[in-house]
There are 2 protein chains.
Amino acid sequence: MTHPIDQAFLSLLGANGWLTSDDAAQYGEDWLKKEPSKPLGVARPGTTEAVAGVVRLCAEHNLSLTPQGGNTGLVLASTPRQTDARAVVLSLERLNDIRSIDVVGQTVSVEAGVVLNSLQEACAQHQLTLPMHLGSGGSAQIGGLISTNAGGTHAFRDGMMADLVFGLEVVLPSGDVWRGNRAMLKDNAGYPLRRLFCGAEGTLGVITAATLKLKPRPHQTETLLLACPTLESAQHIVSHGRRIAGALLSAAEFMDETGLYLVASHCSHVANPLEKVAKITLLLEFESPSSQIPLDDAVQNIVTSALENDWATDGVQASSEQQRNDLWELRESITESQRRHGVQLKHDVSVPLQALSEFISVTTERLQEAFPAQLINPFGHLADGNVHFNLSPASTQDETEFLAAADQLNAIVYDAVVEFNGSIAAEHGLGRSKVTLADRSRDRCERLLMKTLKNSIDPRGTMNPGVIVATTDEVPDVPG
Amino acid sequence: MTHPIDQAFLSLLGANGWLTSDDAAQYGEDWLKKEPSKPLGVARPGTTEAVAGVVRLCAEHNLSLTPQGGNTGLVLASTPRQTDARAVVLSLERLNDIRSIDVVGQTVSVEAGVVLNSLQEACAQHQLTLPMHLGSGGSAQIGGLISTNAGGTHAFRDGMMADLVFGLEVVLPSGDVWRGNRAMLKDNAGYPLRRLFCGAEGTLGVITAATLKLKPRPHQTETLLLACPTLESAQHIVSHGRRIAGALLSAAEFMDETGLYLVASHCSHVANPLEKVAKITLLLEFESPSSQIPLDDAVQNIVTSALENDWATDGVQASSEQQRNDLWELRESITESQRRHGVQLKHDVSVPLQALSEFISVTTERLQEAFPAQLINPFGHLADGNVHFNLSPASTQDETEFLAAADQLNAIVYDAVVEFNGSIAAEHGLGRSKVTLADRSRDRCERLLMKTLKNSIDPRGTMNPGVIVATTDEVPDVPG
């Protein structure tokens, strides 16, 4: 006999819209497979009204709700708590319509479940692009990108996801639909509601659709890979590059020699075109809108300045789309290489750009003192101070011993972040995995403000419980 | 004998920090002199701690508090209600320290009372600029610009004020200080608190300091004035310009022949270099970061395309800084000319860019039908759909009759905005003057969300009462 709760969801959503048991398993598993959970069921509504129906049904049956997009997050924000026996996952994957593209206004109205790369393909047909670039574009969905306020490689120039959102449609915890999916940059008619939901990680409601700011697709792209003796020298190149190329500089990614060692060890098909692995390898990209704005002089100036000032000792410039992709593959293989290497401690942090170099060297020193000879692999976004400060044991070291030191190593990184006035969660969010940490590094006033927001908009506390704001009370067991 | 309330503020702030009676008069008057009010006193604290002291004193004595920056707003957000006998104005003018400029990170940490143009001068010394440009830069203060989420001429490219804020320091209605004045773009450690206060018009707390995103100062600037037969043709030029110049296009302002007629009539010292006044005059500006990125080919292409396609019939390009300033003066004299003309109805609205031309022609037609031969003067920002849709009687018309039709004329404009899915408050905010209007055009869900935010963060309702969210209860009279 079908359980009354299943029956209610099946009536609302049909057989294709409600999954239980085995079919639901993958939805309960986070990308890093840290905490596989077992949701009561997975709702897959196909319309905004059906999403509202799911929210109301959950309220009626006292169920918690975790909205889920591409489920590529790293901080446990899109899967339920393992202890929650009354958890429903709300997958947005069937809300995948690109409603309309406004070529004049350079905006797109899109549903939450559309995958980033699919949206890019649709925009490309109109010579437009969403200026949001990150490794998970093949899976990440628009609703998730907004809910986590995604950053990526172009954020220093084009802003984070919140900066690209003109309008939102949101199902609130009450089941009401806020129809704020407007298409204007300038809309100051009251509180900035659209900005409130960007980065709220599904704890204040479910984003069902958005209108996003697009840009014209670049006409020309030039990509450089430079070998730099130090992080400071790489920073000199970026500063000079920003001065010379301004907004035509579109990416400035740095990799440590440790990162490239991991790539060479575990993704050996990925080639490094530079002869020697430098302490820091810098990937620079430039974009020009048209043939009337050529990039050659600027790129030439930057390369020459870098070599003449000894900011770089070697460099290559991609001469084909294939070579360009190869340079990016080097950068984007770091994460996968480190995963293949074995256990790791990931830290997604940011500090004021001015302090970045000192932050990295001070922290590295302290880490080496605590656990000598480990692999310290800082890499990331050199124009906005966002470092992925990932640690692994060396191949010769014992994984268990390394993991035993995890708390101490994490504390070294996060204490340094606080010391340098940085952020313990730069672009991946808090999820559930960083809430305790955030509560330690946020002052009372900030904690109270966040709790106030959560309690006022989700007074029953059933929207993605435990994410961003800690829950104290556990949800009771599901009845038989 | 000094009143106990005065005594309390004098003890906290000193004689220079607390003004009453005549000295306070100018602080009670809004820029448009629509509703002069008589605050109980004006607090002028010099530190964040003193601001917190003022907030706590107001709470203690059951006084309402209206934060005030440069007081250049147009919607009654920076002066108290006329009926409020217990109103204190909190002027931020003495919090005017530029705390630090980070040249590498391209950020500035600045107190709320710093005037925009002063900040620009300080940044210019480091070859940096805050990408925020509007007519009131000589008076507008940073705190007010953030609290109103200012827009201006470069917003379509560089974002609104909220997009330039990395960190905020805010005194909350409780008197607690939220120390969130961080210097990172990427900071996803919880709800986007910094974004919540941008555009909240001082109703959720008092912004005392901010860290803002800067850009390198342009190396070369080119400014064009083009005579266009229709708004559509001007839009073709802008679309083409964005495709050719991308982010090097920095401004795209349009003026109607009516606006230029008003300038010629009332600001005759301002010259229009174009021989004949066209239906639409378009001001385009381009910025290049360095000599390695020359603008000449792009500008030439855009002028040639405009003339060959009959999108423009005539044009001039500024050949000196003086000529550039003259072209901008033409644009910036429209507001002052219309004020000198006499009575007017101002509307700061936006619609999706795709619909702008139709919105203007439909609305113009309806307005002319309701009150024939009036002066209909739409002008503004052609790349983001923000129109200042201002109306005046013709010189031959009776001002009283025009004003008698005001409600009808306003309704025509705002009904059309709603019809075209636009915003009734694009870049000037709601203040008190548009709250009733907003409540008519916002649905129940949006009203409730805003009220919830207000009530949760300012539960006593004493922070800038009547702004954004309507108050129902009046504040009682001041005791003798």
# chains A, B, ... in the order shown; residues from 1 in each chain; ligands from 1
>>> select_by_dssp(residues="stretch 125-215 of chain A", states="strand (DSSP E or B)", output="VMD selection string")
chain A and resid 128 to 129 141 165 to 171 177 to 180 206 to 213 215
>>> interface_residues(of="chain B", to="chain A", cutoff="6 Å", atoms="only C-alpha atoms", output="VMD selection string")
chain B and resid 104 to 105 178 183 to 184 186 to 191 200 244 246 289 to 290 292 297 to 298 352 to 354 423 425 to 427 429 to 430 445 468
>>> write_last_selection(atoms="N, CA and C atoms", output="mmCIF file, in the first residue's frame")
data_model
loop_
_atom_site.group_PDB
_atom_site.id
_atom_site.type_symbol
_atom_site.label_atom_id
_atom_site.label_comp_id
_atom_site.auth_asym_id
_atom_site.auth_seq_id
_atom_site.Cartn_x
_atom_site.Cartn_y
_atom_site.Cartn_z
ATOM 1 N N VAL B 104 46.547 47.842 -5.092
ATOM 2 C CA VAL B 104 46.631 46.507 -5.703
ATOM 3 C C VAL B 104 45.233 45.901 -5.858
ATOM 4 N N GLY B 105 44.469 45.945 -4.784
ATOM 5 C CA GLY B 105 43.136 45.359 -4.807
ATOM 6 C C GLY B 105 42.103 46.248 -5.467
ATOM 7 N N TRP B 178 27.298 46.424 13.180
ATOM 8 C CA TRP B 178 27.695 45.284 12.357
ATOM 9 C C TRP B 178 28.983 45.656 11.636
ATOM 10 N N ALA B 183 36.916 43.649 2.547
ATOM 11 C CA ALA B 183 37.440 44.199 1.290
ATOM 12 C C ALA B 183 37.495 43.162 0.173
ATOM 13 N N MET B 184 36.626 42.137 0.249
ATOM 14 C CA MET B 184 36.660 41.106 -0.788
ATOM 15 C C MET B 184 35.399 41.118 -1.636
ATOM 16 N N LYS B 186 34.577 38.349 -3.205
ATOM 17 C CA LYS B 186 34.024 37.027 -2.963
ATOM 18 C C LYS B 186 33.946 36.764 -1.462
ATOM 19 N N ASP B 187 32.737 36.781 -0.941
ATOM 20 C CA ASP B 187 32.532 36.606 0.489
ATOM 21 C C ASP B 187 31.145 36.009 0.685
ATOM 22 N N ASN B 188 31.060 34.692 0.545
ATOM 23 C CA ASN B 188 29.766 34.009 0.621
ATOM 24 C C ASN B 188 29.560 33.309 1.953
ATOM 25 N N ALA B 189 30.051 33.917 3.024
ATOM 26 C CA ALA B 189 29.914 33.287 4.334
ATOM 27 C C ALA B 189 28.560 33.644 4.956
ATOM 28 N N GLY B 190 27.498 33.163 4.336
ATOM 29 C CA GLY B 190 26.166 33.410 4.877
ATOM 30 C C GLY B 190 25.354 34.353 4.010
ATOM 31 N N TYR B 191 24.261 34.860 4.578
ATOM 32 C CA TYR B 191 23.380 35.731 3.803
ATOM 33 C C TYR B 191 24.130 36.981 3.330
ATOM 34 N N ALA B 200 18.236 50.292 1.033
ATOM 35 C CA ALA B 200 17.253 50.220 2.120
ATOM 36 C C ALA B 200 16.887 51.613 2.643
ATOM 37 N N ILE B 244 30.474 46.703 -31.071
ATOM 38 C CA ILE B 244 31.808 47.078 -31.566
ATOM 39 C C ILE B 244 32.758 47.386 -30.403
ATOM 40 N N GLY B 246 32.083 47.028 -26.936
ATOM 41 C CA GLY B 246 31.950 46.238 -25.711
ATOM 42 C C GLY B 246 31.987 47.126 -24.486
ATOM 43 N N PRO B 289 41.542 52.060 -21.607
ATOM 44 C CA PRO B 289 42.408 51.995 -20.427
ATOM 45 C C PRO B 289 43.837 52.470 -20.681
ATOM 46 N N SER B 290 44.316 52.423 -21.924
ATOM 47 C CA SER B 290 45.726 52.719 -22.187
ATOM 48 C C SER B 290 45.933 53.006 -23.668
ATOM 49 N N GLN B 292 47.628 51.345 -25.561
ATOM 50 C CA GLN B 292 47.671 50.084 -26.299
ATOM 51 C C GLN B 292 46.287 49.672 -26.815
ATOM 52 N N ASP B 297 39.418 53.495 -34.237
ATOM 53 C CA ASP B 297 38.747 52.649 -35.230
ATOM 54 C C ASP B 297 37.307 52.362 -34.825
ATOM 55 N N ALA B 298 37.111 52.078 -33.548
ATOM 56 C CA ALA B 298 35.761 51.741 -33.080
ATOM 57 C C ALA B 298 34.838 52.949 -33.218
ATOM 58 N N PRO B 352 11.862 47.151 -19.500
ATOM 59 C CA PRO B 352 12.824 46.321 -20.237
ATOM 60 C C PRO B 352 13.230 47.047 -21.525
ATOM 61 N N LEU B 353 14.510 47.010 -21.839
ATOM 62 C CA LEU B 353 15.046 47.824 -22.917
ATOM 63 C C LEU B 353 14.312 47.590 -24.231
ATOM 64 N N GLN B 354 13.962 46.339 -24.475
ATOM 65 C CA GLN B 354 13.254 45.957 -25.689
ATOM 66 C C GLN B 354 11.958 46.754 -25.868
ATOM 67 N N SER B 423 9.630 49.287 -13.720
ATOM 68 C CA SER B 423 9.765 49.653 -12.311
ATOM 69 C C SER B 423 9.336 51.103 -12.122
ATOM 70 N N ALA B 425 10.156 52.896 -9.726
ATOM 71 C CA ALA B 425 11.245 53.613 -9.054
ATOM 72 C C ALA B 425 12.556 52.986 -9.510
ATOM 73 N N ALA B 426 13.186 53.604 -10.485
ATOM 74 C CA ALA B 426 14.337 52.972 -11.126
ATOM 75 C C ALA B 426 15.618 53.221 -10.353
ATOM 76 N N GLU B 427 16.001 54.499 -10.183
ATOM 77 C CA GLU B 427 17.275 54.773 -9.516
ATOM 78 C C GLU B 427 17.160 55.782 -8.385
ATOM 79 N N GLY B 429 14.752 55.576 -5.884
ATOM 80 C CA GLY B 429 14.176 54.953 -4.692
ATOM 81 C C GLY B 429 12.721 55.317 -4.463
ATOM 82 N N LEU B 430 12.175 54.815 -3.353
ATOM 83 C CA LEU B 430 10.769 55.060 -3.008
ATOM 84 C C LEU B 430 10.609 56.232 -2.060
ATOM 85 N N CYS B 445 2.366 39.551 -2.016
ATOM 86 C CA CYS B 445 3.534 38.785 -1.594
ATOM 87 C C CYS B 445 4.747 39.700 -1.423
ATOM 88 N N ILE B 468 9.872 53.499 2.373
ATOM 89 C CA ILE B 468 9.782 52.140 1.792
ATOM 90 C C ILE B 468 8.542 51.389 2.271
#
>>> residues_around(residues="stretch 31-43 of chain B", least_positions_apart="3", cutoff="7 Å", atoms="only C-alpha atoms", output="count of residues only")
21
>>> select_by_dssp(residues="stretch 36-104 of chain A", states="helix (DSSP H, G or I)", output="VMD selection string")
chain A and resid 48 to 60
>>> write_last_selection(atoms="C-alpha atoms", output="mmCIF file, in the first residue's frame")
data_model
loop_
_atom_site.group_PDB
_atom_site.id
_atom_site.type_symbol
_atom_site.label_atom_id
_atom_site.label_comp_id
_atom_site.auth_asym_id
_atom_site.auth_seq_id
_atom_site.Cartn_x
_atom_site.Cartn_y
_atom_site.Cartn_z
ATOM 1 C CA THR A 48 6.458 26.991 -10.672
ATOM 2 C CA GLU A 49 2.944 26.179 -9.464
ATOM 3 C CA ALA A 50 3.962 22.585 -8.838
ATOM 4 C CA VAL A 51 6.986 23.827 -6.851
ATOM 5 C CA ALA A 52 4.602 25.884 -4.738
ATOM 6 C CA GLY A 53 2.464 22.767 -4.308
ATOM 7 C CA VAL A 54 5.471 20.796 -3.089
ATOM 8 C CA VAL A 55 6.368 23.522 -0.576
ATOM 9 C CA ARG A 56 2.798 23.530 0.750
ATOM 10 C CA LEU A 57 2.631 19.735 0.938
ATOM 11 C CA CYS A 58 5.874 19.673 2.917
ATOM 12 C CA ALA A 59 4.460 22.256 5.333
ATOM 13 C CA GLU A 60 1.268 20.256 5.695
#
>>> atom_distance(atom1="atom CA of B:Leu12", atom2="atom CA of B:Leu92")
15.5 Å
>>> atom_distance(atom1="atom CA of B:Ser265", atom2="atom CA of B:Gln323")
21.1 Å
>>> atom_distance(atom1="atom CA of B:Phe166", atom2="atom CA of B:Ala252")
26.6 Å
>>> closest_residue(among="B:Val387, B:Ala306, B:Val413, B:Ala210", to="B:Val114", atoms="only C-alpha atoms")
B:Ala210
>>> decode(residues="stretch 194-222 of chain B", atoms="N, CA, C and O atoms", output="PDB file, in the first residue's frame")
ATOM      1  N   ARG B 194      25.626  42.598   3.169  1.00  0.00           N
ATOM      2  CA  ARG B 194      26.050  43.873   2.588  1.00  0.00           C
ATOM      3  C   ARG B 194      25.061  44.354   1.524  1.00  0.00           C
ATOM      4  O   ARG B 194      24.875  45.537   1.332  1.00  0.00           O
ATOM      5  N   ARG B 195      24.444  43.390   0.829  1.00  0.00           N
ATOM      6  CA  ARG B 195      23.516  43.782  -0.233  1.00  0.00           C
ATOM      7  C   ARG B 195      22.159  44.204   0.320  1.00  0.00           C
ATOM      8  O   ARG B 195      21.415  44.935  -0.326  1.00  0.00           O
ATOM      9  N   LEU B 196      21.836  43.713   1.509  1.00  0.00           N
ATOM     10  CA  LEU B 196      20.537  44.018   2.107  1.00  0.00           C
ATOM     11  C   LEU B 196      20.395  45.508   2.414  1.00  0.00           C
ATOM     12  O   LEU B 196      19.309  46.084   2.303  1.00  0.00           O
ATOM     13  N   PHE B 197      21.510  46.131   2.824  1.00  0.00           N
ATOM     14  CA  PHE B 197      21.433  47.536   3.229  1.00  0.00           C
ATOM     15  C   PHE B 197      21.573  48.507   2.048  1.00  0.00           C
ATOM     16  O   PHE B 197      21.331  49.696   2.197  1.00  0.00           O
ATOM     17  N   CYS B 198      21.983  47.985   0.888  1.00  0.00           N
ATOM     18  CA  CYS B 198      22.115  48.851  -0.293  1.00  0.00           C
ATOM     19  C   CYS B 198      20.723  49.081  -0.875  1.00  0.00           C
ATOM     20  O   CYS B 198      20.098  48.158  -1.373  1.00  0.00           O
ATOM     21  N   GLY B 199      20.247  50.292  -0.795  1.00  0.00           N
ATOM     22  CA  GLY B 199      18.905  50.572  -1.295  1.00  0.00           C
ATOM     23  C   GLY B 199      17.848  50.506  -0.217  1.00  0.00           C
ATOM     24  O   GLY B 199      16.669  50.650  -0.509  1.00  0.00           O
ATOM     25  N   ALA B 200      18.236  50.292   1.033  1.00  0.00           N
ATOM     26  CA  ALA B 200      17.253  50.220   2.120  1.00  0.00           C
ATOM     27  C   ALA B 200      16.887  51.613   2.643  1.00  0.00           C
ATOM     28  O   ALA B 200      16.070  51.745   3.560  1.00  0.00           O
ATOM     29  N   GLU B 201      17.483  52.651   2.081  1.00  0.00           N
ATOM     30  CA  GLU B 201      17.111  54.041   2.379  1.00  0.00           C
ATOM     31  C   GLU B 201      17.082  54.358   3.877  1.00  0.00           C
ATOM     32  O   GLU B 201      16.231  55.112   4.352  1.00  0.00           O
ATOM     33  N   GLY B 202      18.040  53.800   4.601  1.00  0.00           N
ATOM     34  CA  GLY B 202      18.169  54.134   6.015  1.00  0.00           C
ATOM     35  C   GLY B 202      17.067  53.611   6.907  1.00  0.00           C
ATOM     36  O   GLY B 202      16.932  54.047   8.044  1.00  0.00           O
ATOM     37  N   THR B 203      16.302  52.629   6.412  1.00  0.00           N
ATOM     38  CA  THR B 203      15.192  52.115   7.225  1.00  0.00           C
ATOM     39  C   THR B 203      15.584  50.885   8.032  1.00  0.00           C
ATOM     40  O   THR B 203      14.796  50.416   8.856  1.00  0.00           O
ATOM     41  N   LEU B 204      16.774  50.342   7.775  1.00  0.00           N
ATOM     42  CA  LEU B 204      17.197  49.132   8.488  1.00  0.00           C
ATOM     43  C   LEU B 204      18.436  49.370   9.347  1.00  0.00           C
ATOM     44  O   LEU B 204      18.932  48.448   9.997  1.00  0.00           O
ATOM     45  N   GLY B 205      18.950  50.583   9.313  1.00  0.00           N
ATOM     46  CA  GLY B 205      20.165  50.886  10.052  1.00  0.00           C
ATOM     47  C   GLY B 205      20.875  52.062   9.402  1.00  0.00           C
ATOM     48  O   GLY B 205      20.425  52.584   8.381  1.00  0.00           O
ATOM     49  N   VAL B 206      21.990  52.456   9.994  1.00  0.00           N
ATOM     50  CA  VAL B 206      22.746  53.601   9.499  1.00  0.00           C
ATOM     51  C   VAL B 206      24.099  53.109   8.988  1.00  0.00           C
ATOM     52  O   VAL B 206      24.914  52.600   9.760  1.00  0.00           O
ATOM     53  N   ILE B 207      24.334  53.267   7.698  1.00  0.00           N
ATOM     54  CA  ILE B 207      25.637  52.905   7.123  1.00  0.00           C
ATOM     55  C   ILE B 207      26.657  53.949   7.571  1.00  0.00           C
ATOM     56  O   ILE B 207      26.450  55.153   7.381  1.00  0.00           O
ATOM     57  N   THR B 208      27.749  53.501   8.190  1.00  0.00           N
ATOM     58  CA  THR B 208      28.773  54.441   8.651  1.00  0.00           C
ATOM     59  C   THR B 208      30.056  54.363   7.831  1.00  0.00           C
ATOM     60  O   THR B 208      30.815  55.333   7.791  1.00  0.00           O
ATOM     61  N   ALA B 209      30.314  53.234   7.186  1.00  0.00           N
ATOM     62  CA  ALA B 209      31.515  53.119   6.351  1.00  0.00           C
ATOM     63  C   ALA B 209      31.321  51.984   5.351  1.00  0.00           C
ATOM     64  O   ALA B 209      30.455  51.124   5.537  1.00  0.00           O
ATOM     65  N   ALA B 210      32.131  52.011   4.297  1.00  0.00           N
ATOM     66  CA  ALA B 210      32.021  51.001   3.252  1.00  0.00           C
ATOM     67  C   ALA B 210      33.369  50.786   2.590  1.00  0.00           C
ATOM     68  O   ALA B 210      34.217  51.677   2.604  1.00  0.00           O
ATOM     69  N   THR B 211      33.546  49.592   2.025  1.00  0.00           N
ATOM     70  CA  THR B 211      34.681  49.364   1.137  1.00  0.00           C
ATOM     71  C   THR B 211      34.132  49.177  -0.269  1.00  0.00           C
ATOM     72  O   THR B 211      33.241  48.350  -0.490  1.00  0.00           O
ATOM     73  N   LEU B 212      34.652  49.991  -1.193  1.00  0.00           N
ATOM     74  CA  LEU B 212      34.090  50.069  -2.534  1.00  0.00           C
ATOM     75  C   LEU B 212      35.088  49.604  -3.588  1.00  0.00           C
ATOM     76  O   LEU B 212      36.300  49.765  -3.427  1.00  0.00           O
ATOM     77  N   LYS B 213      34.539  49.077  -4.647  1.00  0.00           N
ATOM     78  CA  LYS B 213      35.317  48.591  -5.796  1.00  0.00           C
ATOM     79  C   LYS B 213      35.710  49.766  -6.687  1.00  0.00           C
ATOM     80  O   LYS B 213      34.854  50.549  -7.098  1.00  0.00           O
ATOM     81  N   LEU B 214      36.984  49.894  -6.987  1.00  0.00           N
ATOM     82  CA  LEU B 214      37.450  50.954  -7.880  1.00  0.00           C
ATOM     83  C   LEU B 214      37.860  50.363  -9.227  1.00  0.00           C
ATOM     84  O   LEU B 214      37.941  49.155  -9.388  1.00  0.00           O
ATOM     85  N   LYS B 215      38.111  51.245 -10.176  1.00  0.00           N
ATOM     86  CA  LYS B 215      38.636  50.846 -11.478  1.00  0.00           C
ATOM     87  C   LYS B 215      39.798  51.758 -11.835  1.00  0.00           C
ATOM     88  O   LYS B 215      39.870  52.888 -11.329  1.00  0.00           O
ATOM     89  N   PRO B 216      40.680  51.316 -12.724  1.00  0.00           N
ATOM     90  CA  PRO B 216      41.714  52.251 -13.198  1.00  0.00           C
ATOM     91  C   PRO B 216      41.054  53.426 -13.932  1.00  0.00           C
ATOM     92  O   PRO B 216      40.033  53.262 -14.591  1.00  0.00           O
ATOM     93  N   ARG B 217      41.626  54.595 -13.782  1.00  0.00           N
ATOM     94  CA  ARG B 217      41.132  55.766 -14.523  1.00  0.00           C
ATOM     95  C   ARG B 217      41.377  55.565 -16.012  1.00  0.00           C
ATOM     96  O   ARG B 217      42.423  55.071 -16.417  1.00  0.00           O
ATOM     97  N   PRO B 218      40.417  55.970 -16.832  1.00  0.00           N
ATOM     98  CA  PRO B 218      40.638  55.788 -18.268  1.00  0.00           C
ATOM     99  C   PRO B 218      41.805  56.641 -18.775  1.00  0.00           C
ATOM    100  O   PRO B 218      42.067  57.727 -18.270  1.00  0.00           O
ATOM    101  N   HIS B 219      42.477  56.122 -19.780  1.00  0.00           N
ATOM    102  CA  HIS B 219      43.591  56.828 -20.407  1.00  0.00           C
ATOM    103  C   HIS B 219      43.076  57.798 -21.472  1.00  0.00           C
ATOM    104  O   HIS B 219      43.567  58.907 -21.623  1.00  0.00           O
ATOM    105  N   GLN B 220      42.055  57.359 -22.195  1.00  0.00           N
ATOM    106  CA  GLN B 220      41.498  58.168 -23.280  1.00  0.00           C
ATOM    107  C   GLN B 220      39.977  58.117 -23.186  1.00  0.00           C
ATOM    108  O   GLN B 220      39.402  57.073 -22.893  1.00  0.00           O
ATOM    109  N   THR B 221      39.338  59.248 -23.423  1.00  0.00           N
ATOM    110  CA  THR B 221      37.876  59.298 -23.417  1.00  0.00           C
ATOM    111  C   THR B 221      37.417  59.986 -24.701  1.00  0.00           C
ATOM    112  O   THR B 221      37.949  61.037 -25.057  1.00  0.00           O
ATOM    113  N   GLU B 222      36.475  59.381 -25.385  1.00  0.00           N
ATOM    114  CA  GLU B 222      35.924  60.010 -26.587  1.00  0.00           C
ATOM    115  C   GLU B 222      34.427  60.203 -26.408  1.00  0.00           C
ATOM    116  O   GLU B 222      33.733  59.286 -25.957  1.00  0.00           O
TER     117      GLU B 222
END
